[in-house]
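Below is one structure, written out as C-alpha cells, with a few remarks after it.
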Amino acid sequence: MADWEEVKRLAADFQKVQLSSTTQKLSERNCIEIVSWLIDRNMVELIFTSDGKEYLTPSQLVNEIKGELYDQGGRINLVELAKNIGVDLAHINTHLNEVLKGQKDIQHVLGQLIDNSYISRITSEINEKLQQQGQISIGDLTIQYDLPAEFLQQIVDKNIGKTIFGKQDKNDSRVYYTESFIARTKSKIRGALAGLTRPTTVASILNQVDVNEKMFFSLFDQTCMYGTLTSRLPGAQYVPNVYARSQNEWVSSFYKQNGYLEFDALNRLGITDYKQYIKKQLVNEEIYYLNSCIISKSIVERVQADVDECIASKSYSDLQSNLPSVFNEKDIEIILTAALTNQQRQQVLVIDSYVISKAFVEKLADICDELVKENAKAAVESGKYQEYQISLQSSHLKSQKSEEAEEKLDKREERRKKAASGKSGGGAQGRETKTKSTKKFGRGGSKNVTEADDDGDLPGKKTILEIVSADEVREAILPLLEEEALSDVLEPLTAQLLPKLNEKGLETAQNIYVVTVADRTANRRQTHNELQNKLNALIGDVRLFEKGTKLLPQDVQPHLVKYLLKSLCTDIVNEILNYVAAEQNLNTKAETLNNEQKLKFVNELPSDFKTPLLQLVKSVSGQNIEEFMTAVEEALAPCSMILKKIDKKKDRAIVLNHKHQLLEQLNKCEDVALALHLATLAIFTTATQCMLHASGRHVSAILAFLKQYLTEEQATELTSYHDFVTLMLSGGSEVENAKEKLKEKLALIKRIANDFKRAGSEK
Amino acid sequence: MVDEGTRQTLSKIPLLKTKAGPREKELWVQRLKEEYQSLIKYVQNNKEADNDWFRLESNKEGTKWFGKCWYIHDLLKYEFDVEFDIPVTYPTTAPEIALPELDGKTAKMYRGGKICLSDHFKPLWARNVPKFGISHAMALGLGPWLAVEIPDLISKGVISYKEKTG
C-alpha cells in the first residue's frame, strides 16, 4: 500500500501548499496604477519609453545619451538616438540641454550630437586628405561629412597649424592648400605658359594643366613673366610675349615690304582691335585707312602715277592688277578718291577698278560712229524716226492734257526698256548691278552713267529713240576691249557710251531726215502724176468696156456690169485708197482689205476724204457703172486729180490696140478653153468695134450674140467647140476624148478669129 | 474558446498520463498521484502569481472533493463552498463542480448547485482525455464561471458581502 501512502503524502503536500502564504506580489496592472498615481502627484519624475513599458529617470536618460554618443564614435543623430534609447524624440530634446550643460566637449550641430573625440578624428582625416590632394575646400568637406560649412570652417580654422597643416587661400577663405601644392601648381602653370608661343585661351590652358581657374589667376602674377593676359575673366586669352613680339615684327616688316596691311591678316594673327593696334604700332607712318586694310603713302603715289600714265597714254589702267590683290572694290574706290586730283578726275572714267582715260572712251565712240550712222539711216528709212518725232510731239500734248496718260506712257516705256535690257541676258545682270552700286557712292567718273540712267525716268524725256542698242554697241566695242583685255568693263562702258551714241545717232537721224524729206516731196509729185495717168487709162477702159456691154442683150448686161465693177473698178478704188493712205502717212494696202475693212478705213479718214471715198467704195458693190463713174470723179477731186475728157480718136486706137492684144494672146495660147474665150472676145471687138470685158462664164452668151455677125459654118464650128469645152470642163467620162477633139480644132478656131478680122474689115 | 489568460494558466498546469477511474484499484492510485501533483503545481503557480482562489481537499480514496473558492470584487472577497464527486467514468467524463450555496440563485446552474460549463468545455475535455485532470477542470470550468457569474450576481444583489467569518 505504498501507493496509498504516497497519495496521502501528496494530499498532505497539497494542503501544505494551499496553506502556505501567498507571495505578496503586485500584479503589473497594480504597478502601472501605482506609478501613474505617483506621477500624478508629482512625487516622482519619470520618462516613459516609447513602447510605454519602461520608465526612465531623467538622469538615466542623460547617461544613456552619453553612452550612445560614445558608442557611435562621438557623433550621433538625435532621431537615431531616440530610436536607440527607445524614448520619444521630445524627451531627448528637453533633456539635451542637461547633457550639453556640464559637458563642453559635446556640441549640438544640426540635429546631431558631436563630441571632441569625433572632431579631433575628422581634423586628422581632413589633414590627411589635404596632404594627399594638396588642396581642399570646405565645400567638399561638407559633402563628405554632411556637416554645415560654418561648423567645418570653424573646426578647420581652429585646427589649422595644429593638426591641419596647410594654408588658407587669401582670395577664398573656404579653400586650403599645402605649400607644396601651391609650388607644384605654380610650376605647372609656369611650364605651360613658357611652352606657349601663340595666344591661347585660358580655358584651354586650364584644361591642359588641370588647374582650377581661380588658382590660375591668383598664381599667374607670381609665376609668369612670359606674357600677358587679356583679362581676368574665364574667357581671357594668354598672349605670350614672344608671340606679341613676333607679331609686331611681322606686322612692321610686312608693312614695310608691301606698303599695306590687311585687317584680315591682323585678325588672323589674333589682333582684334586692329585700329588701336595699328595706331600704336605704326606711329610715324603716313597711312590711309581703307575698308579692309591700310596702305602707305607709296601705294597712293603709285596709283597716282598709274593714273597719270594712263591719261598720258590715252589708254586705261586696271588698278586691280596693278595693286596688291588683297584690295577689294571698296578699297580701290577709297584709294582713288584719295589719289585722284580734280584735274585727273575730269580726264578719266572710273569703272570698278579700271581707270579709263576719256581719250580711250572717245576712241571707242569712234568705233561705233559708223554703226551709229548706219542705224540712224535705217531708222529714218524705216520711219521709226518719224514715229518717234510724232510720239514726242504727242507726248508733249498729252503731258499737258493729263498726268495719268503720261504715267501710263511712262510705264509702257519702262516696260519696253526692261524688255530691251532683258535681251542682254542674265550674265550681264551682275555687272549692271555693280554699276548701280557705284552710283550710290557718287563716284565722279560714273556720274554720266547715272545721269543717263536717270534721264529715262524723267518725265518729258522718256521717249528716247534707241538709235543704237546696247547689244550693238557691245558687239562693236568688244573686239577692241578684248584685245585690251578689258572685256570685264564691257557693260559699264556700253552703258557709258550708249546715251552719247544715241544722242549722236539722233542728230544724224535728224540730218538724214531733213535730207530725205526734201527728196520725198519731189518724188511724191511725180508719183501723183503717174497715178493720175494710170487712173485715167483705167477709167477710159471701164468706159469702153461699158459701151461694149451695152451692145449685148439686156439679160446678159447686169452680169457683165457686175464683173466689170468687181475687177477693173475695184482696181481703181484700190489705187485711189493707196494714194490716200500714202498721203495720210498710213501704212495700208488696199488690196489686202475686203469691202468692209475698206469702209472702216475710209471712215477713219479726215472728212474731206471721207464722203467722196465712202461713196466710191459703196458704188463698187453697186450695179451701175454710171454711178461708179460719178463717184470716181468726185473722189479724184480731193486727191487733186482730174479726169481727162473723152477723146474718140484715142478710143478707136485703144480698141484697135485691145483687139491686137487679144489676137496676139490667142495666137500664143495653147489652152483650149482660154483660146475660145480669147477668140470670142476678139471676134466681138472686131464685129462691134467695141471692147468687152467678160469672164469665161459669159462666153456662151457672147457667142449667141455674135451669131448674127458670123457665117453659119463659123458659127457651128464655134458652137461645137464651145460644147466640147463645156464637156471637158464638166469633167465627165469623155474628157480625154473632148480634149483630143479640142486640140484638133484649136488651130481652126484661131484661124476663124483671125479670118473674122479680115471679114469684119471687108464689111 | 478560452481567453488568453486562461490559456496561459492552463499551459503551466502539468498534464496527466494515466487513464483510470476510481474503480480501477492500481491505476486509480497512479492517477490520483498525478492529480495531486498537478494540483500542487497549479496552486503553486497561482500563489506565485498572487492569484490563489481556492482550497480543496478530498476523502481518503480521492473520489469526493470539497473545499472553498473565492472571488475578489471591488476589493471585497466573496467566498463559496465547493464540492464535487469523481464520476465512475472518470476521466472520460469531467467532474461536475457544484456550488451548493448558490443553488437556485442563478440560471447557469443545474440542480444541486452544479455549474453550467461553457459550450467549449466539454469538447475540449473530451479531446484531452486523459491528459486533463481536476486542476484543469478548476482552471477551465470553475475559474471562468466565477469571473462571469459573480460580478453579475453581485450587481443583481443576489449575493451580498458577508464579513469574513473564517
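As shown in the C-alpha cells, the chain order sets the letters A, B, ...; within each chain, residues go from 1, and ligands are also counted from 1 in the order they appear.
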
Provide as a VMD selection string the residues of chain B at most 7 Å from chain A, counting only C-alpha atoms.
-> chain B and resid 29 32 to 33 36 40 43 to 44 47 to 48 50 55

Selection to disk with C-alpha atoms, as a tab-separated table (two decimals), in the first residue's frame:
```tsv
chain	number	residue	atom	x	y	z
B	29	VAL	CA	-3.79	5.29	-7.27
B	32	LEU	CA	-4.66	10.14	-8.06
B	33	LYS	CA	-0.95	10.75	-7.59
B	36	TYR	CA	-2.26	15.69	-6.74
B	40	ILE	CA	0.14	21.15	-6.30
B	43	VAL	CA	-1.73	26.03	-6.69
B	44	GLN	CA	1.94	26.91	-6.56
B	47	LYS	CA	0.32	31.60	-5.38
B	48	GLU	CA	3.30	32.84	-7.26
B	50	ASP	CA	-0.77	36.24	-6.45
B	55	ARG	CA	-8.82	25.46	-1.23
```

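Of the listed residues (A:Asn159, A:Ser382, A:Gln154, A:Gln346), A:Asn159 comes nearest to Thr123 (chain A); the distances count only C-alpha atoms.
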
Residue nearest Pro87 (chain B) among B:Gly5, B:Ile72, B:Thr63, B:Lys12 (counting only C-alpha atoms) = B:Thr63

Name the residues in contact with region 259-276 of chain A at a cut-off of 6 Å, using only C-alpha atoms, excluding same-chain residues fewer than 3 positions from it; report them as a list in words.
->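 These residues fall inside the cut-off: Tyr255, Lys256, Lys279, Ser292, Cys293, Ile294, Ile295 and Ser296 of chain A.
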
For the residues selected in the previous step, produce a file with N, CA and C atoms as a PDB file, in the first residue's frame.
```pdb
ATOM      1  N   TYR A 255      54.406  95.448 -93.510  1.00  0.00           N
ATOM      2  CA  TYR A 255      54.011  96.793 -93.939  1.00  0.00           C
ATOM      3  C   TYR A 255      55.140  97.447 -94.728  1.00  0.00           C
ATOM      4  N   LYS A 256      56.340  97.258 -94.221  1.00  0.00           N
ATOM      5  CA  LYS A 256      57.473  97.881 -94.899  1.00  0.00           C
ATOM      6  C   LYS A 256      57.650  97.301 -96.296  1.00  0.00           C
ATOM      7  N   LYS A 279      47.471 102.037 -84.765  1.00  0.00           N
ATOM      8  CA  LYS A 279      47.852 103.348 -84.253  1.00  0.00           C
ATOM      9  C   LYS A 279      49.094 103.239 -83.391  1.00  0.00           C
ATOM     10  N   SER A 292      39.303  97.400 -95.981  1.00  0.00           N
ATOM     11  CA  SER A 292      39.784  96.133 -95.452  1.00  0.00           C
ATOM     12  C   SER A 292      41.258  96.183 -95.082  1.00  0.00           C
ATOM     13  N   CYS A 293      41.872  97.330 -95.250  1.00  0.00           N
ATOM     14  CA  CYS A 293      43.286  97.386 -94.933  1.00  0.00           C
ATOM     15  C   CYS A 293      43.754  98.833 -94.809  1.00  0.00           C
ATOM     16  N   ILE A 294      44.987  98.947 -94.487  1.00  0.00           N
ATOM     17  CA  ILE A 294      45.573 100.279 -94.526  1.00  0.00           C
ATOM     18  C   ILE A 294      46.672 100.263 -95.581  1.00  0.00           C
ATOM     19  N   ILE A 295      46.959 101.415 -96.129  1.00  0.00           N
ATOM     20  CA  ILE A 295      48.037 101.440 -97.109  1.00  0.00           C
ATOM     21  C   ILE A 295      48.982 102.596 -96.804  1.00  0.00           C
ATOM     22  N   SER A 296      50.151 102.443 -97.314  1.00  0.00           N
ATOM     23  CA  SER A 296      51.117 103.508 -97.092  1.00  0.00           C
ATOM     24  C   SER A 296      50.983 104.530 -98.217  1.00  0.00           C
TER      25      SER A 296
END
```

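Counting from CA of Gln584 (chain A), the distance to CA of Lys373 (chain A) is 28.4 Å.
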
Among the residues of region 23-107 of chain B, find those DSSP assigns to strand (DSSP E or B) from the backbone and print them as a PyMOL selection string.
-> chain B and resi 54-58+64-73+76-85+98

With a distance cut-off of 9 Å and only C-alpha atoms, select the neighbouring residues of region 108-120 of chain B, excluding the residue or stretch itself and same-chain residues fewer than 4 positions from it, and output the selection as a PDB file with C-alpha atoms, in the first residue's frame.
```
ATOM      1  CA  MET B   1     -12.552  29.491 -26.771  1.00  0.00           C
ATOM      2  CA  VAL B   2     -10.869  30.310 -23.580  1.00  0.00           C
ATOM      3  CA  PHE B  84     -17.800  17.527  -6.442  1.00  0.00           C
ATOM      4  CA  GLU B  96     -19.401  18.153 -12.129  1.00  0.00           C
ATOM      5  CA  ILE B  97     -18.320  21.010  -9.878  1.00  0.00           C
ATOM      6  CA  ALA B  98     -21.042  22.348  -7.603  1.00  0.00           C
ATOM      7  CA  LEU B  99     -21.506  25.482  -5.509  1.00  0.00           C
ATOM      8  CA  PRO B 100     -24.382  24.455  -3.216  1.00  0.00           C
ATOM      9  CA  GLU B 101     -24.697  27.927  -1.676  1.00  0.00           C
ATOM     10  CA  LEU B 102     -25.736  29.423  -4.969  1.00  0.00           C
ATOM     11  CA  ASP B 103     -28.263  26.740  -5.847  1.00  0.00           C
ATOM     12  CA  GLY B 104     -31.363  28.396  -7.258  1.00  0.00           C
ATOM     13  CA  LEU B 124     -12.164  20.465 -25.088  1.00  0.00           C
ATOM     14  CA  TRP B 125     -12.189  17.987 -22.233  1.00  0.00           C
ATOM     15  CA  LEU B 140     -11.167  25.789 -17.292  1.00  0.00           C
ATOM     16  CA  GLY B 141     -14.534  25.306 -15.627  1.00  0.00           C
ATOM     17  CA  LEU B 142     -14.961  26.995 -12.304  1.00  0.00           C
ATOM     18  CA  PRO B 144     -14.156  31.383 -15.851  1.00  0.00           C
ATOM     19  CA  TRP B 145     -17.620  30.679 -14.423  1.00  0.00           C
ATOM     20  CA  GLU B 149     -21.281  34.992 -12.830  1.00  0.00           C
TER      21      GLU B 149
END
```
